[in-house]
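Here's the structure we're looking at; comments come further down.
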Amino acid sequence: MHKTNSLLIHAPKIMIFETAADLELWPKILPHYRYIHFVERGPDRNVVVMAARRSGIPISWTSEQIIDRDRL
């Protein structure tokens, strides 16, 4: 089985990139996210503990985010 989700966004590429790079927005725009706590914060790299609900089950994980604005 193969599943695909797609979404067409009519916005400038840099606006989409900056919105996605702003982890603090994620719980506001993704309702299944419960929280994001920053362990390390920088202009180009973040380490965060994230939590969400998947099928009603609370999960959490640690994630490293690299923000590469040169490559968007």
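By order in the structure tokens, chains are A, B, ...; within a chain, residues start at 1; ligands start at 1, following the order shown.
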
Polymer residues at most 12 Å from Glu40 (chain A), only C-alpha atoms, same-chain spacing of 4 or more positions, as a short mmCIF file (atom, residue, chain, number, x, y, z; two decimals) with N, CA and C atoms, in the first residue's frame:
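Written output follows (out17.cif):
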```cif
data_model
loop_
_atom_site.label_atom_id
_atom_site.label_comp_id
_atom_site.auth_asym_id
_atom_site.auth_seq_id
_atom_site.Cartn_x
_atom_site.Cartn_y
_atom_site.Cartn_z
N ILE A 36 6.43 21.92 22.99
CA ILE A 36 7.82 21.87 22.51
C ILE A 36 8.66 22.61 23.53
N ASP A 44 20.63 28.74 13.90
CA ASP A 44 20.69 27.74 12.84
C ASP A 44 20.51 26.30 13.32
N ARG A 45 20.38 26.12 14.65
CA ARG A 45 20.26 24.76 15.18
C ARG A 45 19.51 24.81 16.51
N ASN A 46 18.56 23.88 16.66
CA ASN A 46 17.81 23.73 17.90
C ASN A 46 17.76 22.27 18.29
N VAL A 47 17.75 22.02 19.58
CA VAL A 47 17.44 20.69 20.11
C VAL A 47 16.21 20.88 20.98
N VAL A 48 15.19 20.07 20.72
CA VAL A 48 13.92 20.23 21.42
C VAL A 48 13.37 18.89 21.88
N VAL A 49 12.60 18.94 22.94
CA VAL A 49 11.77 17.81 23.33
C VAL A 49 10.37 18.17 22.87
N THR A 62 12.94 13.55 21.40
CA THR A 62 13.93 14.62 21.30
C THR A 62 14.32 14.74 19.83
N SER A 63 14.42 15.97 19.36
CA SER A 63 14.69 16.21 17.95
C SER A 63 15.73 17.31 17.79
N GLU A 64 16.59 17.15 16.79
CA GLU A 64 17.53 18.19 16.41
C GLU A 64 17.03 18.83 15.13
N GLN A 65 16.97 20.15 15.11
CA GLN A 65 16.55 20.89 13.93
C GLN A 65 17.74 21.69 13.41
N ILE A 66 18.08 21.49 12.15
CA ILE A 66 19.10 22.29 11.47
C ILE A 66 18.36 23.22 10.51
#
```

Give me, as an MDAnalysis selection string, the residues of chain A that a backbone DSSP run labels helix (DSSP H, G or I). chainID A and resid 13:21 23:29

As a ChimeraX atom specification, please: all residues of chain A that backbone DSSP puts in strand (DSSP E or B). /A:33-41,45-54,57-66

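Using only C-alpha atoms, the smallest distance between any of A:Asn5, A:Arg41, A:His10, A:Leu72 and Glu24 (chain A) comes from A:Arg41.
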
Selected residue, from A:Lys13, A:Glu18, A:Gly42, A:Ala51, that lies nearest to Leu30 (chain A) when counting only C-alpha atoms: A:Ala51

Do you have the CA of Ile29 (chain A)-CA of Asp70 (chain A) distance handy? 25.1 Å

Can you tell me, as a PyMOL selection string, what residues are no more than 12 Å from Leu25 (chain A) when counting only C-alpha atoms, ignoring any on the same chain fewer than 6 positions away? chain A and resi 18-19+31+33-36

Just-selected residues, all heavy atoms written as a short mmCIF file (atom, residue, chain, number, x, y, z; two decimals), in the first residue's frame:
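Below is the file that was written, result01.cif:
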```cif
data_model
loop_
_atom_site.label_atom_id
_atom_site.label_comp_id
_atom_site.auth_asym_id
_atom_site.auth_seq_id
_atom_site.Cartn_x
_atom_site.Cartn_y
_atom_site.Cartn_z
N GLU A 18 10.30 29.90 6.71
CA GLU A 18 10.39 30.52 8.04
C GLU A 18 9.27 30.06 8.97
O GLU A 18 9.49 29.90 10.17
CB GLU A 18 10.40 32.05 7.92
CG GLU A 18 11.67 32.60 7.27
CD GLU A 18 12.95 32.33 8.05
OE1 GLU A 18 12.89 32.07 9.26
OE2 GLU A 18 14.02 32.38 7.41
N THR A 19 8.10 29.83 8.44
CA THR A 19 7.00 29.31 9.26
C THR A 19 7.32 27.91 9.75
O THR A 19 7.15 27.60 10.94
CB THR A 19 5.68 29.31 8.45
OG1 THR A 19 5.39 30.65 8.06
CG2 THR A 19 4.54 28.76 9.28
N PRO A 31 -2.69 20.92 15.83
CA PRO A 31 -3.43 20.69 17.06
C PRO A 31 -3.05 19.43 17.83
O PRO A 31 -3.33 19.34 19.02
CB PRO A 31 -4.89 20.66 16.61
CG PRO A 31 -4.88 20.50 15.15
CD PRO A 31 -3.54 20.97 14.64
N TYR A 33 -0.03 18.51 18.48
CA TYR A 33 1.19 18.77 19.27
C TYR A 33 0.79 19.30 20.64
O TYR A 33 -0.05 20.19 20.76
CB TYR A 33 2.10 19.78 18.57
CG TYR A 33 3.04 19.11 17.60
CD1 TYR A 33 2.58 18.64 16.40
CD2 TYR A 33 4.37 18.93 17.93
CE1 TYR A 33 3.43 18.00 15.51
CE2 TYR A 33 5.24 18.29 17.05
CZ TYR A 33 4.76 17.82 15.85
OH TYR A 33 5.60 17.19 14.99
N ARG A 34 1.39 18.74 21.70
CA ARG A 34 1.07 19.16 23.06
C ARG A 34 2.03 20.23 23.55
O ARG A 34 1.63 21.17 24.20
CB ARG A 34 1.11 17.96 24.01
CG ARG A 34 0.06 16.92 23.63
CD ARG A 34 0.03 15.75 24.57
NE ARG A 34 1.33 15.13 24.67
CZ ARG A 34 1.82 14.60 25.78
NH1 ARG A 34 1.14 14.62 26.90
NH2 ARG A 34 3.01 14.04 25.78
N TYR A 35 3.32 20.07 23.27
CA TYR A 35 4.30 21.08 23.67
C TYR A 35 5.61 20.87 22.95
O TYR A 35 5.86 19.80 22.37
CB TYR A 35 4.55 21.07 25.19
CG TYR A 35 5.13 19.79 25.73
CD1 TYR A 35 6.49 19.51 25.64
CD2 TYR A 35 4.33 18.85 26.36
CE1 TYR A 35 7.03 18.34 26.14
CE2 TYR A 35 4.86 17.68 26.88
CZ TYR A 35 6.21 17.43 26.77
OH TYR A 35 6.73 16.26 27.26
N ILE A 36 6.43 21.92 22.99
CA ILE A 36 7.82 21.87 22.51
C ILE A 36 8.66 22.61 23.53
O ILE A 36 8.38 23.77 23.84
CB ILE A 36 7.96 22.51 21.12
CG1 ILE A 36 7.16 21.70 20.09
CG2 ILE A 36 9.43 22.60 20.71
CD1 ILE A 36 7.14 22.30 18.70
#
```

Quick check, in Å to one decimal: how far apart do CA of His32 (chain A) and CA of Met50 (chain A) lie? 11.1 Å

Counting only C-alpha atoms, which residue out of A:Ile9, A:Ile16, A:Leu23, A:Ile57 sits closest to Phe38 (chain A)?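 Checking each of A:Ile9, A:Ile16, A:Leu23, A:Ile57 against Phe38 (chain A), counting only C-alpha atoms, the winner is A:Leu23.
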